[in-house]
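> Take this structure, written in structure tokens, and hold onto it; I'll ask about it next.
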Amino acid sequence: MNMRKKPLRGLFVSHRKHTRDMPTEMMPVPKTVSIIMSQHMGPPCDVLVKKGETVKAGQVIGGGDAYFSTPVHASVSGTVLKIDEIIMPNGDRSRAVIMEADPEQVFHESCKPPAVHDKAGFLEAVRASGLVGLGGAGFPTHVKLNPPNPGQVDTLLINAAECEPYITSDYRTMMEEPEDVLAGIKAIMKYIEIPRCVIGIEDNKPEAMQAMAELFRNDDSVNVCKLKSKYPQGAEKVLIYETTGRIVPEGKLPADVGVIVVNVTTAAALAAYLRTGVPLINKRVTVDGGAVTRKKNLLVSIGTPISAVLEYCGGAKGELKKVVYGGPMMGLAVYDLAYPVVKNCNSLLFFGPDEVKNYEETACIRCGRCAWACPINLMPLKIDDAFDREDMDGLRATKVSLCFECGCCAYVCPARRDLTHTNRLSKARLKAADAKENAKEGGKPDGTETDH
Amino acid sequence: MEQRLIISSSPHFRAKTATRNIMLDVLIALTPALIAATVIFGLRALLLSLFCVASCMLLEYVYRLVTKQSKTLFDFSAAVTGLLLAFNLPVTLPFWMAFIGCITAIIVVKQLFGGLGKNFANPAIVGRIVLLISFAGPMTNWAIPALAGTGTDALSGATPLVAGVTAGAASYPYMSMFLGVIGGSLGETCTLALLLGCVYLFIRKIITPTIPLIFMGTVMLASLALGADPLHQLLSGGLVLGAAFMATDYTTSPTTERGKAIFALGCGLITVAIRLYAGYPEGVSFAILIMNIVSPHLDRLCGLKALGGAKP
């Protein structure tokens with residue numbers, strides 16, 4: 001594309017894509033599921049069912065009027081055992097519907113292909129599908145596809161980089177459901193009126209690149225862009241820069257530079273919904289790590305406890321030390337195996353003792369490796385320093401608010417400092433300080449955003 | 001749940017290189033020069049080096065113990081300081097004087113300022129400067145290399161720089177200077193061994209070539225411009241040791257490449273100014289010390305611009 005631009009920094013981390021050639025297996029419906037009401041970025045859904053109620057698969061059990069909220073559907077048919085409160089791995093609390101699955105699975109009568117004729121109908125269908133960004137962020141898809149400046153968006157960017165080690169679920173989507181990928185992309189381009197599409201794929205997936213190029217060989221409006229296998233190519237801002245050369249300015253959205261980024265699995269899931277009317281109730285999950293007996297790519301009912309997935313994969317091999325929800329660079333460590341799979345979960349990693357090291361933080365030697373690694377040119381050593389000194393103005397000047405927590409800085413730090421975590425805390429502290437400032441100036445107090 | 005799971009913040013994997021690996025790589029890079037020093041100046045060079053390494057490590061250990069701070073002995077940063085300090089001493093220096101240099105470096109410059117990563121100047125450089133000013137005689141009593149054989153009598157007790165300044169002419173053949181068979185501090189004379197170590201650090205990506213190349217390049221170009229022999233300036237004194245191993249200290253040099261370039265340029269210009277115009281024959285350590293102090297300011301001026309970051 002733009003050949004003059006300088007490639008961003010970042011890291012070459014080992015890919016560990018052990019499961020890339022493992023076709024997706026459908027995991028049988030588990031005995032119980034717990035379906036969380038907060039599976040998207042935005043206010044949690046209200047529970048729409050009661051204890052003891054009989055529910056069918058695909059039925060809406062969580063909803064709300066808030067624009068940023070996405071409905072939650074029952075992933076199985078069965079009975080509501082209880083409405084519980086769950087502490088999520090990020091520390092937030094959310095209500096959850098605990099259901100016992102029936103032996104016989106039936107779909108709810110609402111599961112029929114939606115009639116879509118125009119943009120409004122399309123966006124309504126996207127919302128009804130329960131889709132959120134399946135790459136990990138969980139941003140409601142109907143919000144993303146409805147930017148305030150639709151006329152200025154000229155590029156649909158399909159994120160198929162899958163730059164995190166281990167994870168192969170997006171790759172399997174491209175290999176197993178190419179027609180859905182095609183249909184999803186064409187539907188978005190048609191209804192949102194975006195003239196061109198770029199699919200960004202890391203060059204460690206030549207088969208996927210070939211499959212996508214083959215799929216769109218007669219279509220000049222869709223191009224495959226080969227990306228270097230360099231972490232974090234799949235981070236939104238990085239992907240936009242590497243494929244289009246555009247830079248998303250601070251405080252702006254991708255749409256402001258004419259781009260909408262959609263994960264490849266999200267596009268495929270959207271097409272599947274338009275085709276069948278079955279909302280997002282299953283998710284493809286890569287199961288890997290040294291402490292799981294059988295590595296797999298699994299299609300799992302949303303709400304399936306991690307323990308059930310582990311059991312289905314042959315249980316733990318040796319001692320289980322750490323369970324990571326997502327990839328090793330950005331994923332969350334889970335404290336309890338009862339925690340369920342949610343919509344934007346793309347992998348479950350089970351690590352044994354030799355894969356989990358307890359690092360001791362030592363003094364920063366100012367080597368600058370964190371700054372060499374940061375894809376967006378932040379200087380984590382300065383952030384760390386300002387944070388320690390509680391220097392809020394200094395912290396603001398470091399632009400830490402731009403950090404998307406890819407983990408490169410902490411990964412390379414020879415002093416083993418938890419730089420990514422410090423960035424996270426710094427962002428939260430700045431936000432709190434700004435909210436306080438706003439309140440003082442007589443403005444309205446900050447809402448209860450749960451932005452991570 | 002019986003099993004206890006570890007919870008930690010992402011990323012869940014870390015690169016292999018830790019602080020200790022970096023310091024070990026620096027020690028490995030200094031080994032050819034240590035071997036060369038032992039061959040050129042005899043066993044006392046090795047003994048004095050080991051004495052400084054042991055003293056620095058001991059001082060660091062005792063200080064951290066007494067002040068109840070975390071043990072940092074095995075990050076080997078104190079060993080690097082000790083070896084670099086020894087490289088800056090004449091082989092004949094009494095051990096007790098060397099010990100005073102170690103105290104200056106480890107206690108005064110490093111630990112009193114907060115330990116590793118907090119020192120304002122390179123500890124070994126300040127150790128050397130304090131010794132040079134306190135014990136001017138013993139610190140400039142340059143032994144004649146055992147290997148140089150006879151025929152160097154005329155130059156006993158003088159480094160090429162001193163000779164160059166006083167006699168006004170190049171004193172040694174370039175090859176002797178390149179191999180280090182000349183008078184000088186024990187670790188600074190063998191340019192060949194130092195360059196080998198420097199290239200090792202480049203290959204291991206411990207340092208970038210910015211500082212060594214610009215520092216040495218500036219000295220050579222400025223010498224040429226001012227009528228001195230550039231090659232003689234490069235091969236004599238502590239330039240290569242300073243440019244490759246002392247000016248590249250992470251803590252006391254700027255973080256960004258732009259900052260490093262300005263830092264190295266300053267080091268080079270100050271070195272030439274002192275060598276050609278000031279009272280001291282050698283200016284590398286003073287140049288590095290001055291630029292160490294400027295370094296935080298360069299860091300502030302030469303930050304990176306965040307991608308998409310708005311102007312404040």
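By order in the structure tokens, chains are A, B, ...; within a chain, residues start at 1; ligands start at 1, following the order shown.
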Do a neighbour search on stretch 287-302 of chain B at 10 Å with only C-alpha atoms, toss out local chain neighbours closer than 6 positions, and write the hits as number ranges by chain.
A: 382; B: 119-123, 125-126, 129, 242-243, 246-249, 251-260, 262-274
> Would you mind exporting C-alpha atoms of the selected residues as a PDB file, in the first residue's frame?

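The new file out.pdb reads:
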ATOM      1  CA  LYS A 382       9.184   7.451  31.640  1.00  0.00           C
TER       2      LYS A 382
ATOM      3  CA  ASN B 119      23.390   6.977  39.573  1.00  0.00           C
ATOM      4  CA  PHE B 120      23.931  10.346  37.893  1.00  0.00           C
ATOM      5  CA  ALA B 121      27.319   9.449  36.475  1.00  0.00           C
ATOM      6  CA  ASN B 122      29.206   6.355  35.477  1.00  0.00           C
ATOM      7  CA  PRO B 123      30.587   5.013  38.798  1.00  0.00           C
ATOM      8  CA  ILE B 125      34.514   7.064  35.596  1.00  0.00           C
ATOM      9  CA  VAL B 126      34.089   9.011  38.818  1.00  0.00           C
ATOM     10  CA  ILE B 129      38.725  10.752  38.261  1.00  0.00           C
ATOM     11  CA  GLY B 242      35.445   4.900  26.961  1.00  0.00           C
ATOM     12  CA  ALA B 243      33.422   5.048  23.751  1.00  0.00           C
ATOM     13  CA  MET B 246      31.829   3.588  29.519  1.00  0.00           C
ATOM     14  CA  ALA B 247      29.803   6.096  27.484  1.00  0.00           C
ATOM     15  CA  THR B 248      27.346   3.352  26.535  1.00  0.00           C
ATOM     16  CA  ASP B 249      26.258   2.773  30.143  1.00  0.00           C
ATOM     17  CA  THR B 251      21.772   4.630  33.092  1.00  0.00           C
ATOM     18  CA  THR B 252      23.980   7.593  32.326  1.00  0.00           C
ATOM     19  CA  SER B 253      23.380   7.946  28.596  1.00  0.00           C
ATOM     20  CA  PRO B 254      20.177   9.007  26.821  1.00  0.00           C
ATOM     21  CA  THR B 255      17.535   6.453  25.909  1.00  0.00           C
ATOM     22  CA  THR B 256      16.677   7.441  22.371  1.00  0.00           C
ATOM     23  CA  GLU B 257      19.027   7.157  19.422  1.00  0.00           C
ATOM     24  CA  ARG B 258      18.748  10.881  18.738  1.00  0.00           C
ATOM     25  CA  GLY B 259      19.736  11.650  22.321  1.00  0.00           C
ATOM     26  CA  LYS B 260      22.586   9.147  22.100  1.00  0.00           C
ATOM     27  CA  ILE B 262      24.052  14.249  20.576  1.00  0.00           C
ATOM     28  CA  PHE B 263      25.549  12.712  23.727  1.00  0.00           C
ATOM     29  CA  ALA B 264      28.311  11.000  21.740  1.00  0.00           C
ATOM     30  CA  LEU B 265      29.002  14.119  19.706  1.00  0.00           C
ATOM     31  CA  GLY B 266      29.445  16.071  22.932  1.00  0.00           C
ATOM     32  CA  CYS B 267      31.740  13.384  24.370  1.00  0.00           C
ATOM     33  CA  GLY B 268      33.913  13.502  21.264  1.00  0.00           C
ATOM     34  CA  LEU B 269      34.213  17.291  21.101  1.00  0.00           C
ATOM     35  CA  ILE B 270      35.023  17.650  24.809  1.00  0.00           C
ATOM     36  CA  THR B 271      37.607  14.860  24.564  1.00  0.00           C
ATOM     37  CA  VAL B 272      39.435  16.596  21.717  1.00  0.00           C
ATOM     38  CA  ALA B 273      39.227  19.973  23.433  1.00  0.00           C
ATOM     39  CA  ILE B 274      40.807  18.595  26.607  1.00  0.00           C
TER      40      ILE B 274
END
> Counting only C-alpha atoms, which residues of chain A fall within 7 Å of chain B, and what is the closest atom pair for each with its distance in Å at one decimal, ordered by chain and rising number, as a Markdown table?

| residue | atom | partner | partner_atom | distance |
| --- | --- | --- | --- | --- |
| A:Ile247 | CA | B:Gly308 | CA | 5.8 |
| A:Val248 | CA | B:Gly308 | CA | 5.7 |
| A:Pro249 | CA | B:Gly308 | CA | 4.1 |
| A:Glu250 | CA | B:Gly309 | CA | 5.2 |
| A:Lys321 | CA | B:Leu5 | CA | 5.2 |
| A:Lys322 | CA | B:Ile6 | CA | 5.2 |
| A:Pro328 | CA | B:His12 | CA | 5.1 |
| A:Met329 | CA | B:Pro11 | CA | 4.2 |
| A:Met330 | CA | B:Ser10 | CA | 5.4 |
| A:Gly331 | CA | B:Ser10 | CA | 6.2 |
| A:Leu332 | CA | B:Ser10 | CA | 6.5 |
| A:Ala333 | CA | B:Ile7 | CA | 5.3 |
| A:Val334 | CA | B:Ile7 | CA | 6.7 |
| A:Tyr335 | CA | B:Leu5 | CA | 5.9 |
| A:Ala363 | CA | B:Leu116 | CA | 6.4 |
| A:Cys364 | CA | B:Gly117 | CA | 5.7 |
| A:Ile365 | CA | B:Gly117 | CA | 4.3 |
| A:Arg366 | CA | B:Thr251 | CA | 5.2 |
| A:Cys367 | CA | B:Tyr250 | CA | 4.9 |
| A:Gly368 | CA | B:Thr255 | CA | 5.4 |
| A:Ile376 | CA | B:Leu307 | CA | 4.8 |
| A:Asn377 | CA | B:Ala306 | CA | 4.7 |
| A:Leu378 | CA | B:Ala306 | CA | 5.4 |
| A:Lys399 | CA | B:Gly309 | CA | 6.7 |
| A:Gly407 | CA | B:Pro11 | CA | 5.1 |
| A:Ala410 | CA | B:Pro11 | CA | 6.8 |
| A:Tyr411 | CA | B:Arg14 | CA | 4.3 |
| A:Val412 | CA | B:Ala15 | CA | 5.3 |
| A:Pro414 | CA | B:Ala18 | CA | 3.8 |
| A:Ala415 | CA | B:Thr19 | CA | 5.5 |
| A:His421 | CA | B:Ser9 | CA | 6.3 |
> Store the residues picked out above in a file with N, CA and C atoms, as a compact mmCIF listing (two decimals), in the first residue's frame.

# COMPACT_ATOMS: atom_id res chain seq x y z
N ILE A 247 -2.90 7.25 10.41
CA ILE A 247 -2.65 7.31 11.85
C ILE A 247 -3.91 7.81 12.54
N VAL A 248 -4.41 7.04 13.49
CA VAL A 248 -5.58 7.47 14.24
C VAL A 248 -5.13 8.46 15.31
N PRO A 249 -5.56 9.73 15.21
CA PRO A 249 -5.09 10.71 16.19
C PRO A 249 -5.66 10.43 17.58
N GLU A 250 -4.96 10.94 18.56
CA GLU A 250 -5.36 10.79 19.95
C GLU A 250 -6.80 11.25 20.14
N LYS A 321 -0.90 -24.54 36.72
CA LYS A 321 -0.43 -23.38 37.49
C LYS A 321 -1.18 -22.10 37.13
N LYS A 322 -1.46 -21.96 35.85
CA LYS A 322 -2.07 -20.71 35.41
C LYS A 322 -3.00 -20.98 34.25
N PRO A 328 -1.27 -15.13 25.43
CA PRO A 328 -0.31 -14.92 26.51
C PRO A 328 0.15 -13.47 26.65
N MET A 329 0.00 -12.66 25.61
CA MET A 329 0.47 -11.29 25.69
C MET A 329 -0.56 -10.35 26.32
N MET A 330 -1.84 -10.58 26.00
CA MET A 330 -2.86 -9.65 26.49
C MET A 330 -3.95 -10.33 27.31
N GLY A 331 -3.90 -11.66 27.40
CA GLY A 331 -4.99 -12.38 28.06
C GLY A 331 -5.05 -12.15 29.55
N LEU A 332 -6.19 -12.56 30.12
CA LEU A 332 -6.38 -12.40 31.56
C LEU A 332 -6.15 -13.74 32.25
N ALA A 333 -5.46 -13.70 33.39
CA ALA A 333 -5.30 -14.91 34.19
C ALA A 333 -6.60 -15.13 34.95
N VAL A 334 -7.10 -16.36 34.91
CA VAL A 334 -8.38 -16.68 35.53
C VAL A 334 -8.12 -17.30 36.90
N TYR A 335 -8.93 -16.90 37.87
CA TYR A 335 -8.68 -17.40 39.23
C TYR A 335 -9.49 -18.64 39.55
N ALA A 363 15.39 -3.00 39.81
CA ALA A 363 15.47 -1.60 39.43
C ALA A 363 15.57 -1.43 37.92
N CYS A 364 14.93 -0.38 37.41
CA CYS A 364 15.05 -0.04 35.99
C CYS A 364 16.48 0.37 35.70
N ILE A 365 17.09 -0.21 34.67
CA ILE A 365 18.47 0.17 34.33
C ILE A 365 18.48 1.17 33.17
N ARG A 366 17.33 1.62 32.78
CA ARG A 366 17.17 2.62 31.72
C ARG A 366 17.78 2.16 30.40
N CYS A 367 17.64 0.88 30.11
CA CYS A 367 18.23 0.35 28.88
C CYS A 367 17.44 0.80 27.66
N GLY A 368 16.15 1.15 27.85
CA GLY A 368 15.35 1.64 26.74
C GLY A 368 14.71 0.56 25.88
N ILE A 376 3.74 2.04 19.40
CA ILE A 376 3.28 3.40 19.12
C ILE A 376 4.22 4.44 19.74
N ASN A 377 5.47 4.05 19.93
CA ASN A 377 6.51 5.01 20.37
C ASN A 377 6.28 5.64 21.73
N LEU A 378 5.64 4.92 22.62
CA LEU A 378 5.58 5.44 23.98
C LEU A 378 6.91 5.11 24.65
N LYS A 399 1.70 10.49 27.33
CA LYS A 399 0.67 9.98 26.40
C LYS A 399 0.28 8.54 26.72
N GLY A 407 1.54 -5.31 25.80
CA GLY A 407 2.43 -6.13 26.62
C GLY A 407 3.88 -6.17 26.17
N ALA A 410 6.59 -4.81 28.89
CA ALA A 410 6.87 -5.71 30.02
C ALA A 410 7.55 -6.98 29.53
N TYR A 411 7.19 -7.41 28.31
CA TYR A 411 7.80 -8.63 27.75
C TYR A 411 9.31 -8.49 27.65
N VAL A 412 9.78 -7.35 27.15
CA VAL A 412 11.22 -7.20 26.93
C VAL A 412 11.99 -6.70 28.16
N PRO A 414 14.27 -6.21 30.96
CA PRO A 414 15.21 -7.12 31.62
C PRO A 414 15.14 -7.02 33.14
N ALA A 415 14.58 -5.90 33.64
CA ALA A 415 14.43 -5.76 35.09
C ALA A 415 13.11 -6.37 35.54
N HIS A 421 1.29 -3.26 33.34
CA HIS A 421 0.36 -3.06 34.44
C HIS A 421 0.44 -1.62 34.95
> Enter the distance from atom CA of B:Phe51 to atom CA of B:Lys68, in Å, rounded to one decimal.
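That distance, rounded to one decimal, is 25.3 Å.
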> Extract the full set of strand (DSSP E or B) residues from stretch 37-170 of chain A according to DSSP on the backbone, and format it as a short mmCIF file (atom, residue, chain, number, x, y, z; two decimals) with N, CA and C atoms, in the first residue's frame.

data_model
loop_
_atom_site.label_atom_id
_atom_site.label_comp_id
_atom_site.auth_asym_id
_atom_site.auth_seq_id
_atom_site.Cartn_x
_atom_site.Cartn_y
_atom_site.Cartn_z
N ASP A 46 -29.76 -6.28 31.42
CA ASP A 46 -30.67 -6.70 32.47
C ASP A 46 -31.06 -8.15 32.21
N VAL A 47 -31.25 -8.89 33.31
CA VAL A 47 -31.67 -10.28 33.18
C VAL A 47 -33.16 -10.31 32.82
N THR A 54 -38.17 -22.01 31.81
CA THR A 54 -37.63 -22.85 30.74
C THR A 54 -37.25 -21.94 29.57
N VAL A 55 -36.05 -22.18 29.06
CA VAL A 55 -35.49 -21.29 28.05
C VAL A 55 -35.00 -22.13 26.88
N ALA A 57 -32.61 -22.46 23.25
CA ALA A 57 -31.35 -21.95 22.70
C ALA A 57 -31.62 -20.80 21.75
N VAL A 60 -33.40 -14.58 23.78
CA VAL A 60 -32.75 -13.45 24.45
C VAL A 60 -33.00 -13.57 25.95
N ILE A 61 -31.94 -13.63 26.74
CA ILE A 61 -32.13 -13.69 28.19
C ILE A 61 -31.55 -12.46 28.89
N GLY A 62 -30.83 -11.67 28.14
CA GLY A 62 -30.30 -10.42 28.72
C GLY A 62 -30.43 -9.32 27.69
N GLY A 63 -30.95 -8.19 28.11
CA GLY A 63 -31.11 -7.09 27.16
C GLY A 63 -31.08 -5.76 27.87
N VAL A 72 -27.84 -10.58 25.11
CA VAL A 72 -27.21 -11.86 25.43
C VAL A 72 -28.25 -12.95 25.24
N HIS A 73 -27.84 -14.04 24.60
CA HIS A 73 -28.78 -15.12 24.30
C HIS A 73 -28.44 -16.38 25.09
N GLY A 78 -32.86 -25.20 28.18
CA GLY A 78 -32.85 -25.82 29.50
C GLY A 78 -33.58 -24.96 30.50
N THR A 79 -33.22 -25.13 31.78
CA THR A 79 -33.94 -24.45 32.86
C THR A 79 -32.99 -23.50 33.59
N VAL A 80 -33.53 -22.35 33.97
CA VAL A 80 -32.72 -21.39 34.72
C VAL A 80 -32.62 -21.89 36.16
N LEU A 81 -31.41 -22.20 36.61
CA LEU A 81 -31.20 -22.67 37.99
C LEU A 81 -31.19 -21.49 38.96
N LYS A 82 -30.45 -20.47 38.61
CA LYS A 82 -30.42 -19.28 39.48
C LYS A 82 -29.79 -18.11 38.75
N ILE A 83 -30.02 -16.95 39.31
CA ILE A 83 -29.36 -15.74 38.82
C ILE A 83 -28.30 -15.41 39.86
N ASP A 84 -27.07 -15.37 39.42
CA ASP A 84 -25.95 -15.26 40.36
C ASP A 84 -25.12 -14.02 40.04
N GLU A 85 -24.25 -13.70 40.97
CA GLU A 85 -23.28 -12.64 40.67
C GLU A 85 -21.90 -13.27 40.56
N ILE A 86 -21.19 -12.89 39.51
CA ILE A 86 -19.88 -13.49 39.25
C ILE A 86 -18.83 -12.38 39.28
N ILE A 87 -17.67 -12.70 39.86
CA ILE A 87 -16.54 -11.76 39.77
C ILE A 87 -15.74 -12.16 38.54
N ARG A 93 -17.70 -7.02 38.68
CA ARG A 93 -18.76 -7.98 38.99
C ARG A 93 -19.84 -7.89 37.92
N SER A 94 -20.48 -9.03 37.67
CA SER A 94 -21.57 -9.02 36.71
C SER A 94 -22.57 -10.08 37.11
N ARG A 95 -23.82 -9.84 36.76
CA ARG A 95 -24.82 -10.88 37.01
C ARG A 95 -24.70 -11.93 35.93
N ALA A 96 -25.09 -13.14 36.29
CA ALA A 96 -25.00 -14.24 35.33
C ALA A 96 -26.21 -15.15 35.51
N VAL A 97 -26.68 -15.70 34.38
CA VAL A 97 -27.79 -16.64 34.41
C VAL A 97 -27.19 -18.04 34.37
N ILE A 98 -27.45 -18.81 35.43
CA ILE A 98 -26.93 -20.18 35.48
C ILE A 98 -28.04 -21.11 34.98
N MET A 99 -27.74 -21.89 33.95
CA MET A 99 -28.77 -22.75 33.35
C MET A 99 -28.34 -24.19 33.35
N GLU A 100 -29.32 -25.07 33.54
CA GLU A 100 -29.07 -26.49 33.38
C GLU A 100 -29.54 -26.86 31.98
N ALA A 101 -28.70 -27.55 31.22
CA ALA A 101 -29.05 -27.86 29.83
C ALA A 101 -29.93 -29.11 29.77
N PHE A 107 -34.09 -24.96 19.33
CA PHE A 107 -33.89 -23.52 19.12
C PHE A 107 -35.17 -22.75 19.40
N VAL A 132 -20.32 -8.95 19.22
CA VAL A 132 -19.36 -7.97 19.72
C VAL A 132 -18.04 -8.27 19.01
N PRO A 140 -19.31 -3.49 20.95
CA PRO A 140 -20.55 -3.87 20.26
C PRO A 140 -20.45 -3.60 18.75
N THR A 155 -12.83 2.53 3.82
CA THR A 155 -12.17 1.23 3.89
C THR A 155 -12.72 0.38 5.02
N LEU A 156 -13.12 -0.83 4.66
CA LEU A 156 -13.42 -1.83 5.68
C LEU A 156 -12.15 -2.65 5.86
N LEU A 157 -11.65 -2.66 7.07
CA LEU A 157 -10.42 -3.38 7.33
C LEU A 157 -10.76 -4.64 8.11
N ILE A 158 -10.45 -5.79 7.52
CA ILE A 158 -10.76 -7.04 8.19
C ILE A 158 -9.50 -7.50 8.94
N ASN A 159 -9.62 -7.61 10.24
CA ASN A 159 -8.49 -7.98 11.07
C ASN A 159 -8.37 -9.50 11.14
N ALA A 160 -7.43 -10.03 10.37
CA ALA A 160 -7.17 -11.47 10.39
C ALA A 160 -5.70 -11.70 10.71
#
> For stretch 25-37 of chain B, work out the shell of residues within 9 Å, counting only C-alpha atoms and skipping chain neighbours fewer than 5 positions away, then give it as JSON, numbers by chain.
{"B": [20, 42, 43, 45, 46, 49, 76, 79, 80, 83, 84, 87, 91, 179, 180, 186, 187, 188, 189, 190, 191, 192, 193, 194, 196, 197, 198, 199, 200, 201, 204, 206, 245]}
